[in-house]
file structure.pdb (PDB, C-alpha atoms)
ATOM      1  CA  MET A  16      53.945 139.919  95.627
ATOM      2  CA  LYS A  17      51.412 137.616  94.018
ATOM      3  CA  LYS A  18      47.796 137.694  95.050
ATOM      4  CA  PHE A  19      45.115 134.996  94.663
ATOM      5  CA  ILE A  20      41.472 136.025  94.429
ATOM      6  CA  GLY A  21      38.523 133.579  94.538
ATOM      7  CA  THR A  22      34.984 133.704  93.343
ATOM      8  CA  ILE A  23      38.064 131.363  77.209
ATOM      9  CA  VAL A  24      39.257 131.880  56.673
ATOM     10  CA  THR A  25      40.384 130.972  60.493
ATOM     11  CA  SER A  26      40.198 128.755  63.524
ATOM     12  CA  LEU A  27      40.514 128.986  67.447
ATOM     13  CA  ILE A  28      42.993 126.465  68.859
ATOM     14  CA  LEU A  29      45.767 126.859  71.452
ATOM     15  CA  PHE A  30      49.452 126.253  70.704
ATOM     16  CA  SER A  31      52.524 126.635  72.855
ATOM     17  CA  SER A  32      54.440 127.998  69.875
ATOM     18  CA  VAL A  33      53.848 129.028  66.284
ATOM     19  CA  ASN A  34      55.706 126.977  63.676
ATOM     20  CA  VAL A  35      56.499 128.620  60.359
ATOM     21  CA  PHE A  36      57.430 126.850  57.126
ATOM     22  CA  ALA A  37      58.722 128.357  53.910
ATOM     23  CA  GLY A  38      56.178 127.457  51.256
ATOM     24  CA  ALA A  39      54.111 124.383  50.465
ATOM     25  CA  LYS A  40      53.746 121.990  47.531
ATOM     26  CA  VAL A  41      50.407 120.961  46.043
ATOM     27  CA  SER A  42      49.517 117.390  46.951
ATOM     28  CA  SER A  43      49.340 114.712  44.248
ATOM     29  CA  GLN A  44      46.070 113.429  45.738
ATOM     30  CA  SER A  45      42.691 114.893  44.840
ATOM     31  CA  ILE A  46      39.278 114.498  46.465
ATOM     32  CA  VAL A  47      36.823 111.971  45.038
ATOM     33  CA  LEU A  48      33.336 112.845  46.292
ATOM     34  CA  ASP A  49      30.645 110.178  46.012
ATOM     35  CA  GLY A  50      32.598 108.459  43.257
ATOM     36  CA  LYS A  51      33.343 111.598  41.227
ATOM     37  CA  ASP A  52      36.847 113.066  40.988
ATOM     38  CA  THR A  53      36.499 116.744  41.916
ATOM     39  CA  GLY A  54      40.063 117.659  40.946
ATOM     40  CA  ILE A  55      40.356 119.582  44.239
ATOM     41  CA  LYS A  56      43.733 119.153  45.902
ATOM     42  CA  GLY A  57      45.392 120.375  49.059
ATOM     43  CA  TYR A  58      48.933 121.091  50.222
ATOM     44  CA  ASN A  59      51.393 118.535  51.516
ATOM     45  CA  ILE A  60      52.774 119.855  54.806
ATOM     46  CA  GLU A  61      55.099 117.812  56.978
ATOM     47  CA  GLY A  62      54.066 114.638  55.135
ATOM     48  CA  ASN A  63      50.310 115.175  55.591
ATOM     49  CA  ASN A  64      47.666 116.537  53.242
ATOM     50  CA  TYR A  65      45.825 119.686  54.301
ATOM     51  CA  PHE A  66      42.790 120.968  52.405
ATOM     52  CA  LYS A  67      41.277 124.432  52.383
ATOM     53  CA  LEU A  68      38.319 124.473  54.764
ATOM     54  CA  ARG A  69      36.145 126.516  52.427
ATOM     55  CA  ASP A  70      36.849 124.163  49.508
ATOM     56  CA  VAL A  71      35.559 121.233  51.540
ATOM     57  CA  ALA A  72      32.489 123.218  52.595
ATOM     58  CA  ALA A  73      31.822 124.194  48.964
ATOM     59  CA  LEU A  74      32.134 120.569  47.798
ATOM     60  CA  LEU A  75      29.669 119.319  50.421
ATOM     61  CA  ASP A  76      27.176 122.179  50.009
ATOM     62  CA  GLY A  77      23.741 120.722  49.350
ATOM     63  CA  LYS A  78      24.833 117.238  50.438
ATOM     64  CA  ASP A  79      23.721 115.323  53.531
ATOM     65  CA  ALA A  80      26.938 116.226  55.374
ATOM     66  CA  GLU A  81      26.943 119.899  54.392
ATOM     67  CA  PHE A  82      28.299 122.480  56.825
ATOM     68  CA  ASN A  83      28.698 126.225  57.082
ATOM     69  CA  VAL A  84      31.857 128.179  57.893
ATOM     70  CA  SER A  85      32.037 131.595  59.523
ATOM     71  CA  TYR A  86      34.530 133.669  61.465
ATOM     72  CA  ASP A  87      33.844 135.151  64.879
ATOM     73  CA  GLU A  88      36.112 138.187  64.913
ATOM     74  CA  GLY A  89      35.429 138.976  68.562
ATOM     75  CA  ARG A  90      36.703 135.555  69.605
ATOM     76  CA  SER A  91      39.211 135.136  66.755
ATOM     77  CA  ALA A  92      37.557 131.802  66.107
ATOM     78  CA  VAL A  93      36.474 129.692  63.165
ATOM     79  CA  ILE A  94      32.885 128.541  63.562
ATOM     80  CA  ILE A  95      31.645 125.393  61.812
ATOM     81  CA  ASN A  96      27.980 124.376  61.930
ATOM     82  CA  SER A  97      26.839 121.115  60.420
ATOM     83  CA  LYS A  98      23.529 120.677  58.588
ATOM     84  CA  SER A  99      23.807 124.298  57.433
ATOM     85  CA  ASP A 100      23.949 125.765  53.938
ATOM     86  CA  TYR A 101      27.312 127.105  52.842
ATOM     87  CA  LYS A 102      27.493 130.369  50.913
ATOM     88  CA  LYS A 103      30.314 130.168  48.407
ATOM     89  CA  VAL A 104      32.796 133.034  48.144
ATOM     90  CA  ASP A 105      35.344 134.105  45.543
ATOM     91  CA  GLY A 106      38.310 131.779  45.562
ATOM     92  CA  ASP A 107      36.391 128.640  46.487
ATOM     93  CA  LEU A 108      37.347 125.529  44.490
ATOM     94  CA  THR A 109      40.105 127.404  42.665
ATOM     95  CA  PRO A 110      42.965 125.057  41.651
ATOM     96  CA  LEU A 111      45.957 125.449  43.950
ATOM     97  CA  LYS A 112      49.488 126.237  42.899
ATOM     98  CA  ASP A 113      52.721 125.625  44.773
ATOM     99  CA  SER A 114      53.031 128.414  47.317
ATOM    100  CA  ASP A 115      56.116 130.365  48.348
ATOM    101  CA  SER A 116      54.161 132.074  51.121
ATOM    102  CA  GLU A 117      54.748 131.425  54.809
ATOM    103  CA  VAL A 118      52.929 128.408  56.173
ATOM    104  CA  LYS A 119      51.984 129.071  59.795
ATOM    105  CA  VAL A 120      50.389 126.941  62.469
ATOM    106  CA  SER A 121      47.069 128.615  63.200
ATOM    107  CA  LYS A 122      46.594 130.176  66.631
ATOM    108  CA  HIS A 123      42.826 130.368  66.338
ATOM    109  CA  ASN A 124      40.280 128.210  68.081
ATOM    110  CA  VAL A 125      37.888 126.114  66.021
ATOM    111  CA  TYR A 126      34.352 125.308  67.134
ATOM    112  CA  VAL A 127      32.145 122.645  65.563
ATOM    113  CA  ASN A 128      28.536 122.947  66.676
ATOM    114  CA  ASP A 129      29.694 125.044  69.684
ATOM    115  CA  VAL A 130      32.289 122.472  70.784
ATOM    116  CA  ARG A 131      35.985 123.407  70.625
ATOM    117  CA  HIS A 132      38.293 120.846  69.029
ATOM    118  CA  SER A 133      42.086 120.500  68.851
ATOM    119  CA  PHE A 134      42.491 120.507  65.071
ATOM    120  CA  SER A 135      45.827 120.549  63.307
ATOM    121  CA  VAL A 136      45.466 123.686  61.176
ATOM    122  CA  TYR A 137      47.806 125.711  58.971
ATOM    123  CA  THR A 138      47.243 129.180  57.551
ATOM    124  CA  ILE A 139      48.465 130.012  54.030
ATOM    125  CA  ASP A 140      47.684 133.347  52.361
ATOM    126  CA  GLY A 141      44.871 133.979  54.825
ATOM    127  CA  TYR A 142      43.141 130.621  54.323
ATOM    128  CA  ASN A 143      42.950 127.757  56.797
ATOM    129  CA  TYR A 144      43.929 124.234  55.796
ATOM    130  CA  PHE A 145      42.716 121.168  57.696
ATOM    131  CA  LYS A 146      43.243 117.430  57.684
ATOM    132  CA  LEU A 147      40.212 115.859  56.013
ATOM    133  CA  ARG A 148      39.980 112.999  58.499
ATOM    134  CA  GLU A 149      39.758 115.453  61.390
ATOM    135  CA  LEU A 150      37.000 117.408  59.640
ATOM    136  CA  GLY A 151      35.121 114.212  58.798
ATOM    137  CA  GLN A 152      35.380 112.934  62.357
ATOM    138  CA  THR A 153      34.098 116.107  64.035
ATOM    139  CA  ILE A 154      31.516 117.235  61.434
ATOM    140  CA  GLY A 155      30.316 113.740  60.559
ATOM    141  CA  PHE A 156      31.290 112.335  57.150
ATOM    142  CA  ASP A 157      33.429 109.387  56.067
ATOM    143  CA  VAL A 158      36.955 109.876  54.686
ATOM    144  CA  ASN A 159      39.105 107.084  53.204
ATOM    145  CA  PHE A 160      42.148 106.672  50.978
ATOM    146  CA  ASP A 161      42.277 104.629  47.755
ATOM    147  CA  GLU A 162      45.865 103.499  47.177
ATOM    148  CA  LYS A 163      45.146 102.239  43.637
ATOM    149  CA  THR A 164      43.959 105.631  42.391
ATOM    150  CA  ASN A 165      45.980 107.686  44.905
ATOM    151  CA  SER A 166      42.772 109.509  45.818
ATOM    152  CA  ILE A 167      41.034 110.655  48.966
ATOM    153  CA  ILE A 168      37.475 109.338  49.093
ATOM    154  CA  ILE A 169      34.669 111.299  50.740
ATOM    155  CA  ASP A 170      31.168 109.908  51.251
ATOM    156  CA  SER A 171      28.747 112.805  51.638
ATOM    157  CA  LYS A 172      26.279 110.816  53.745
ATOM    158  CA  ALA A 173      26.210 112.279  57.249
ATOM    159  CA  ILE A 174      27.414 110.029  60.074
ATOM    160  CA  GLU A 175      27.639 110.453  63.851
ATOM    161  CA  PRO A 176      30.383 113.009  64.673
ATOM    162  CA  LYS A 177      33.027 112.286  67.289
ATOM    163  CA  SER A 178      35.486 114.379  69.270
ATOM    164  CA  LEU A 179      39.180 114.367  68.403
ATOM    165  CA  VAL A 180      39.861 113.896  72.107
ATOM    166  CA  LYS A 181      38.977 110.656  73.846
ATOM    167  CA  ASN A 182      36.396 111.003  76.603
ATOM    168  CA  GLN A 183      35.735 114.708  76.095
ATOM    169  CA  VAL A 184      33.900 116.071  79.135
ATOM    170  CA  ASP A 185      31.190 118.717  79.328
ATOM    171  CA  ILE A 186      31.997 120.622  82.505
ATOM    172  CA  LYS A 187      29.935 122.750  84.856
ATOM    173  CA  ILE A 188      32.024 125.655  86.088
ATOM    174  CA  VAL A 189      31.074 126.742  89.592
ATOM    175  CA  GLU A 190      33.815 129.290  90.323
ATOM    176  CA  TYR A 191      36.595 131.258  88.658
ATOM    177  CA  ALA A 192      39.752 132.536  90.326
ATOM    178  CA  THR A 193      42.980 134.205  89.256
ATOM    179  CA  SER A 194      46.488 134.868  90.443
ATOM    180  CA  TYR A 195      48.215 138.016  89.246
ATOM    181  CA  GLU A 196      51.212 140.238  89.847
ATOM    182  CA  GLU A 197      50.627 143.349  91.918
ATOM    183  CA  LYS A 198      52.258 146.041  89.821
ATOM    184  CA  ASP A 199      52.871 149.692  90.587
ATOM    185  CA  LEU A 200      52.114 152.104  87.747
ATOM    186  CA  ASN A 201      52.747 155.787  87.193
ATOM    187  CA  ILE A 202      49.904 157.940  85.918
ATOM    188  CA  LEU A 203      52.270 159.891  83.654
ATOM    189  CA  LYS A 204      53.790 156.746  82.111
ATOM    190  CA  ASN A 205      50.532 154.776  82.089
ATOM    191  CA  PRO A 206      47.839 157.400  81.430
ATOM    192  CA  ILE A 207      45.433 155.040  79.620
ATOM    193  CA  LEU A 208      44.176 151.608  80.632
ATOM    194  CA  ASP A 209      42.579 148.983  78.425
ATOM    195  CA  ILE A 210      40.952 145.774  79.632
ATOM    196  CA  ASN A 211      43.717 143.784  77.971
ATOM    197  CA  ASN A 212      46.236 145.471  80.298
ATOM    198  CA  PHE A 213      44.415 143.800  83.183
ATOM    199  CA  LEU A 214      44.046 140.443  81.430
ATOM    200  CA  LYS A 215      47.735 140.294  80.481
ATOM    201  CA  ASN A 216      48.596 140.934  84.133
ATOM    202  CA  ILE A 217      46.931 137.637  85.122
ATOM    203  CA  ASN A 218      49.363 134.759  85.638
ATOM    204  CA  ASN A 219      46.874 131.937  86.163
ATOM    205  CA  ASN A 220      43.203 131.436  85.336
ATOM    206  CA  ILE A 221      41.667 128.700  87.462
ATOM    207  CA  LEU A 222      38.253 127.182  86.748
ATOM    208  CA  ALA A 223      36.653 125.224  89.578
ATOM    209  CA  THR A 224      34.265 122.592  88.210
ATOM    210  CA  LYS A 225      31.545 120.507  89.774
ATOM    211  CA  ASP A 226      32.951 117.085  88.843
ATOM    212  CA  SER A 227      36.421 117.604  87.306
ATOM    213  CA  GLY A 228      38.208 119.579  90.020
ATOM    214  CA  GLN A 229      40.273 122.650  89.195
ATOM    215  CA  ILE A 230      41.482 123.146  85.629
ATOM    216  CA  SER A 231      43.584 125.833  83.956
ATOM    217  CA  GLY A 232      41.944 128.293  81.617
ATOM    218  CA  SER A 233      42.670 130.871  78.943
ATOM    219  CA  VAL A 234      41.041 134.303  79.047
ATOM    220  CA  GLN A 235      39.976 136.740  76.339
ATOM    221  CA  TYR A 236      37.842 139.852  75.998
ATOM    222  CA  VAL A 237      35.021 139.718  73.429
ATOM    223  CA  ASN A 238      34.673 143.335  72.392
ATOM    224  CA  SER A 239      31.510 142.866  70.313
ATOM    225  CA  GLU A 240      29.611 141.594  73.385
ATOM    226  CA  ASN A 241      31.584 143.428  76.076
ATOM    227  CA  ILE A 242      32.165 140.227  78.037
ATOM    228  CA  VAL A 243      35.187 138.284  79.241
ATOM    229  CA  GLU A 244      35.336 134.559  78.459
ATOM    230  CA  VAL A 245      37.493 131.964  80.173
ATOM    231  CA  ILE A 246      37.773 128.583  78.450
ATOM    232  CA  PRO A 247      39.715 125.463  79.500
ATOM    233  CA  LEU A 248      43.236 125.242  78.092
ATOM    234  CA  SER A 249      42.673 121.588  77.237
ATOM    235  CA  THR A 250      40.043 120.660  74.644
ATOM    236  CA  LYS A 251      39.341 117.576  76.748
ATOM    237  CA  PHE A 252      36.986 119.872  78.661
ATOM    238  CA  ASN A 253      34.060 121.626  77.012
ATOM    239  CA  GLY A 254      32.620 124.662  78.766
ATOM    240  CA  LYS A 255      33.280 128.312  79.531
ATOM    241  CA  PHE A 256      32.951 130.950  82.204
ATOM    242  CA  THR A 257      31.807 134.434  81.205
ATOM    243  CA  TYR A 258      31.507 137.658  83.123
ATOM    244  CA  LYS A 259      30.574 141.253  82.554
ATOM    245  CA  PRO A 260      33.647 143.397  83.303
ATOM    246  CA  PHE A 261      33.533 146.107  85.961
ATOM    247  CA  ILE A 262      36.183 148.551  87.183
ATOM    248  CA  ARG A 263      36.706 149.508  90.818
ATOM    249  CA  ILE A 264      38.687 152.538  91.968
ATOM    250  CA  THR A 265      39.824 152.611  95.600
ATOM    251  CA  GLN A 266      41.475 155.577  97.309
ATOM    252  CA  ASP A 267      41.789 155.837 101.098
ATOM    253  CA  LYS A 268      38.371 154.739 102.398
ATOM    254  CA  LYS A 269      36.488 155.688  99.251
ATOM    255  CA  SER A 270      35.708 153.326  96.377
ATOM    256  CA  GLU A 271      33.473 153.294  93.330
ATOM    257  CA  ILE A 272      32.474 150.504  90.932
ATOM    258  CA  PHE A 273      31.333 151.084  87.347
ATOM    259  CA  PRO A 274      30.916 148.981  84.169
ATOM    260  CA  TYR A 275      33.882 148.714  81.816
ATOM    261  CA  GLU A 276      32.968 150.114  78.411
ATOM    262  CA  ASP A 277      36.215 150.913  76.613
ATOM    263  CA  LYS A 278      39.796 151.979  77.240
ATOM    264  CA  PHE A 279      39.880 155.065  79.437
ATOM    265  CA  GLU A 280      42.074 157.936  80.537
ATOM    266  CA  VAL A 281      42.934 157.224  84.139
ATOM    267  CA  ALA A 282      43.299 160.784  85.445
ATOM    268  CA  LYS A 283      40.191 162.027  83.660
ATOM    269  CA  THR A 284      38.129 159.096  84.955
ATOM    270  CA  LEU A 285      39.303 159.628  88.543
ATOM    271  CA  THR A 286      38.564 163.337  88.440
ATOM    272  CA  SER A 287      35.070 162.775  87.011
ATOM    273  CA  LYS A 288      34.276 160.429  89.893
ATOM    274  CA  GLY A 289      35.582 162.701  92.643
ATOM    275  CA  PHE A 290      39.003 161.059  93.224
ATOM    276  CA  ASP A 291      42.366 162.835  93.401
ATOM    277  CA  PRO A 292      44.641 161.552  90.591
ATOM    278  CA  THR A 293      47.711 163.072  92.297
ATOM    279  CA  LYS A 294      47.426 160.708  95.273
ATOM    280  CA  GLU A 295      47.898 156.943  95.497
ATOM    281  CA  PHE A 296      44.985 154.759  94.407
ATOM    282  CA  LYS A 297      44.178 151.220  93.319
ATOM    283  CA  ILE A 298      42.278 150.325  90.157
ATOM    284  CA  SER A 299      40.880 146.837  89.665
ATOM    285  CA  LEU A 300      39.165 144.691  87.045
ATOM    286  CA  GLY A 301      36.474 142.297  88.191
ATOM    287  CA  THR A 302      32.763 141.678  88.083
ATOM    288  CA  ASN A 303      29.705 142.116  90.260
ATOM    289  CA  ILE A 304      28.218 138.922  91.705
ATOM    290  CA  SER A 305      25.135 139.471  93.850
ATOM    291  CA  ASP A 306      26.189 143.121  94.303
ATOM    292  CA  ASN A 307      29.636 142.048  95.529
ATOM    293  CA  PHE A 308      32.709 143.060  93.545
ATOM    294  CA  VAL A 309      34.996 140.094  92.752
ATOM    295  CA  GLU A 310      38.504 141.182  91.806
ATOM    296  CA  TYR A 311      40.491 139.390  89.072
ATOM    297  CA  SER A 312      43.346 141.824  88.388
ATOM    298  CA  SER A 313      44.534 145.208  89.654
ATOM    299  CA  PHE A 314      47.191 147.919  89.530
ATOM    300  CA  ASN A 315      48.459 150.341  92.151
ATOM    301  CA  TYR A 316      49.121 153.883  91.015
ATOM    302  CA  LYS A 317      51.744 155.751  92.994
TER
END

call {"tool": "encode", "arguments": {"input": "structure.pdb", "output": "structure tokens"}}
result
Amino acid sequence: MKKFIGTIVTSLILFSSVNVFAGAKVSSQSIVLDGKDTGIKGYNIEGNNYFKLRDVAALLDGKDAEFNVSYDEGRSAVIINSKSDYKKVDGDLTPLKDSDSEVKVSKHNVYVNDVRHSFSVYTIDGYNYFKLRELGQTIGFDVNFDEKTNSIIIDSKAIEPKSLVKNQVDIKIVEYATSYEEKDLNILKNPILDINNFLKNINNNILATKDSGQISGSVQYVNSENIVEVIPLSTKFNGKFTYKPFIRITQDKKSEIFPYEDKFEVAKTLTSKGFDPTKEFKISLGTNISDNFVEYSSFNYK
């Protein structure tokens, strides 16, 4: 029975599937920055040129359109901030060679100045490769192509950035709800629970907004901050819902709510809180809103 209860180096971007290619060839086109040929090239993938994100950041460091790149491990996201100094790392601006490594569509989200964008990104040997025009559009610098010289032209003067999605909307989320499968677990077969067990049990994440109606979301746990984030599936919408995770144990007429801190041994936790782990009980993930527990996922132990 399904239950509906009311009350989300690298990049973070959502894909329905992960495409894998066998190797990539170095592009014949190099970057010309402010009239100077840098000699920096990218890979030609599926007929398009993709350049290493950190190479582009290193080239623009100190320029008007400079930007910084970092990785948010907790969110598995690439973070780009414009008008910020870039600290070069080993491997930056190193000439590329044809690669026999797997070329994978990146599954990470990418944020530019705290706004998520739907970039086309590939990962090769741990590095992320982007289309220059998409970077220029979202960060704010001009990219053109010179057919005579077969070169990609970058002007380092900063311009007004734009979204990759037409009419991107900043949303105000007023409510979050889920639907999930009510599953029966066995304490001997499922002795330990992690927050991701609860999150994977959710079938639908629904965000109710002030002006855009209900939209579907994607959920993830940010371990470094001990919060759960729900972001719209579509990058047309910019916003997120966050909550502090709590666990509720219910047995007969008794229940107790406590903050989620880490994965836990079910029997040991029940015993420490005065419950009987040999009898049936329900354990739920949710949050406390105005001292009321709002349930987002649960399991029944029998």

call {"tool": "closest_residue", "arguments": {"input": "structure.pdb", "among": "A:Glu240, A:Asp76, A:Glu197, A:Glu190", "to": "Ser312 in chain A", "atoms": "only C-alpha atoms"}}
result
A:Glu197

call {"tool": "residues_near_point", "arguments": {"input": "structure.pdb", "point": "(45.5, 125.0, 55.6)", "cutoff": "6 Å", "atoms": "all atoms listed in the file", "output": "list in words"}}
result
Tyr65, Phe66, Lys67, Val136, Tyr137, Thr138, Asn143, Tyr144 and Phe145 of chain A

call {"tool": "residues_around", "arguments": {"input": "structure.pdb", "residues": "Thr153 in chain A", "least_positions_apart": "5", "cutoff": "12 Å", "atoms": "all atoms listed in the file", "output": "list in words"}}
result
Ala80, Phe82, Ile95, Asn96, Ser97, Val125, Tyr126, Val127, Asn128, Asp129, Val130, Arg131, His132, Ser133, Phe134, Phe145, Lys146, Leu147, Arg148, Val158, Ala173, Ile174, Glu175, Pro176, Lys177, Ser178, Leu179 and Val180 of chain A

call {"tool": "residues_around", "arguments": {"input": "structure.pdb", "residues": "Val41 in chain A", "least_positions_apart": "2", "cutoff": "6 Å", "atoms": "all atoms listed in the file", "output": "PDB file with C-alpha atoms, keeping the file's coordinate frame"}}
result
ATOM      1  CA  GLY A  57      45.392 120.375  49.059  1.00  0.00           C
ATOM      2  CA  TYR A  58      48.933 121.091  50.222  1.00  0.00           C
ATOM      3  CA  ASP A 113      52.721 125.625  44.773  1.00  0.00           C
TER       4      ASP A 113
END

call {"tool": "residues_around", "arguments": {"input": "structure.pdb", "residues": "Asn211 in chain A", "least_positions_apart": "6", "cutoff": "10 Å", "atoms": "only C-alpha atoms", "output": "list in words"}}
result
Ile217, Val234, Gln235, Tyr236 and Lys278 of chain A

call {"tool": "atom_distance", "arguments": {"input": "structure.pdb", "atom1": "CA of Ser42 in chain A", "atom2": "CA of Asp170 in chain A"}}
result
20.3 Å

call {"tool": "build_atoms", "arguments": {"input": "structure.pdb", "residues": "range 194-207 of chain A", "atoms": "N, CA, C and O atoms", "output": "mmCIF file, in the frame of the given file"}}
result
data_model
loop_
_atom_site.group_PDB
_atom_site.id
_atom_site.type_symbol
_atom_site.label_atom_id
_atom_site.label_comp_id
_atom_site.auth_asym_id
_atom_site.auth_seq_id
_atom_site.Cartn_x
_atom_site.Cartn_y
_atom_site.Cartn_z
ATOM 1 N N SER A 194 45.329 134.345 89.721
ATOM 2 C CA SER A 194 46.488 134.868 90.443
ATOM 3 C C SER A 194 47.148 135.871 89.518
ATOM 4 O O SER A 194 47.184 135.676 88.300
ATOM 5 N N TYR A 195 47.633 136.965 90.081
ATOM 6 C CA TYR A 195 48.215 138.016 89.246
ATOM 7 C C TYR A 195 49.311 138.737 90.012
ATOM 8 O O TYR A 195 49.441 138.629 91.234
ATOM 9 N N GLU A 196 50.106 139.483 89.266
ATOM 10 C CA GLU A 196 51.212 140.238 89.847
ATOM 11 C C GLU A 196 50.720 141.622 90.259
ATOM 12 O O GLU A 196 50.070 142.318 89.464
ATOM 13 N N GLU A 197 50.985 142.000 91.484
ATOM 14 C CA GLU A 197 50.627 143.349 91.918
ATOM 15 C C GLU A 197 51.691 144.331 91.418
ATOM 16 O O GLU A 197 52.813 144.341 91.911
ATOM 17 N N LYS A 198 51.311 145.125 90.450
ATOM 18 C CA LYS A 198 52.258 146.041 89.821
ATOM 19 C C LYS A 198 51.947 147.482 90.196
ATOM 20 O O LYS A 198 50.786 147.870 90.326
ATOM 21 N N ASP A 199 53.012 148.269 90.338
ATOM 22 C CA ASP A 199 52.871 149.692 90.587
ATOM 23 C C ASP A 199 53.024 150.445 89.270
ATOM 24 O O ASP A 199 53.994 150.227 88.528
ATOM 25 N N LEU A 200 52.080 151.312 88.966
ATOM 26 C CA LEU A 200 52.114 152.104 87.747
ATOM 27 C C LEU A 200 52.224 153.582 88.073
ATOM 28 O O LEU A 200 51.933 154.012 89.194
ATOM 29 N N ASN A 201 52.629 154.343 87.069
ATOM 30 C CA ASN A 201 52.747 155.787 87.193
ATOM 31 C C ASN A 201 51.754 156.426 86.238
ATOM 32 O O ASN A 201 51.693 156.065 85.057
ATOM 33 N N ILE A 202 50.975 157.364 86.733
ATOM 34 C CA ILE A 202 49.904 157.940 85.918
ATOM 35 C C ILE A 202 50.438 158.707 84.719
ATOM 36 O O ILE A 202 49.739 158.870 83.708
ATOM 37 N N LEU A 203 51.680 159.192 84.791
ATOM 38 C CA LEU A 203 52.270 159.891 83.654
ATOM 39 C C LEU A 203 52.772 158.903 82.594
ATOM 40 O O LEU A 203 52.665 159.153 81.393
ATOM 41 N N LYS A 204 53.290 157.757 83.048
ATOM 42 C CA LYS A 204 53.790 156.746 82.111
ATOM 43 C C LYS A 204 52.692 155.797 81.628
ATOM 44 O O LYS A 204 52.810 155.188 80.578
ATOM 45 N N ASN A 205 51.649 155.674 82.428
ATOM 46 C CA ASN A 205 50.532 154.776 82.089
ATOM 47 C C ASN A 205 49.217 155.542 82.197
ATOM 48 O O ASN A 205 48.385 155.265 83.069
ATOM 49 N N PRO A 206 49.011 156.532 81.304
ATOM 50 C CA PRO A 206 47.839 157.400 81.430
ATOM 51 C C PRO A 206 46.533 156.760 80.970
ATOM 52 O O PRO A 206 45.455 157.241 81.324
ATOM 53 N N ILE A 207 46.624 155.681 80.173
ATOM 54 C CA ILE A 207 45.433 155.040 79.620
ATOM 55 C C ILE A 207 45.454 153.556 79.970
ATOM 56 O O ILE A 207 46.497 152.902 79.896
#
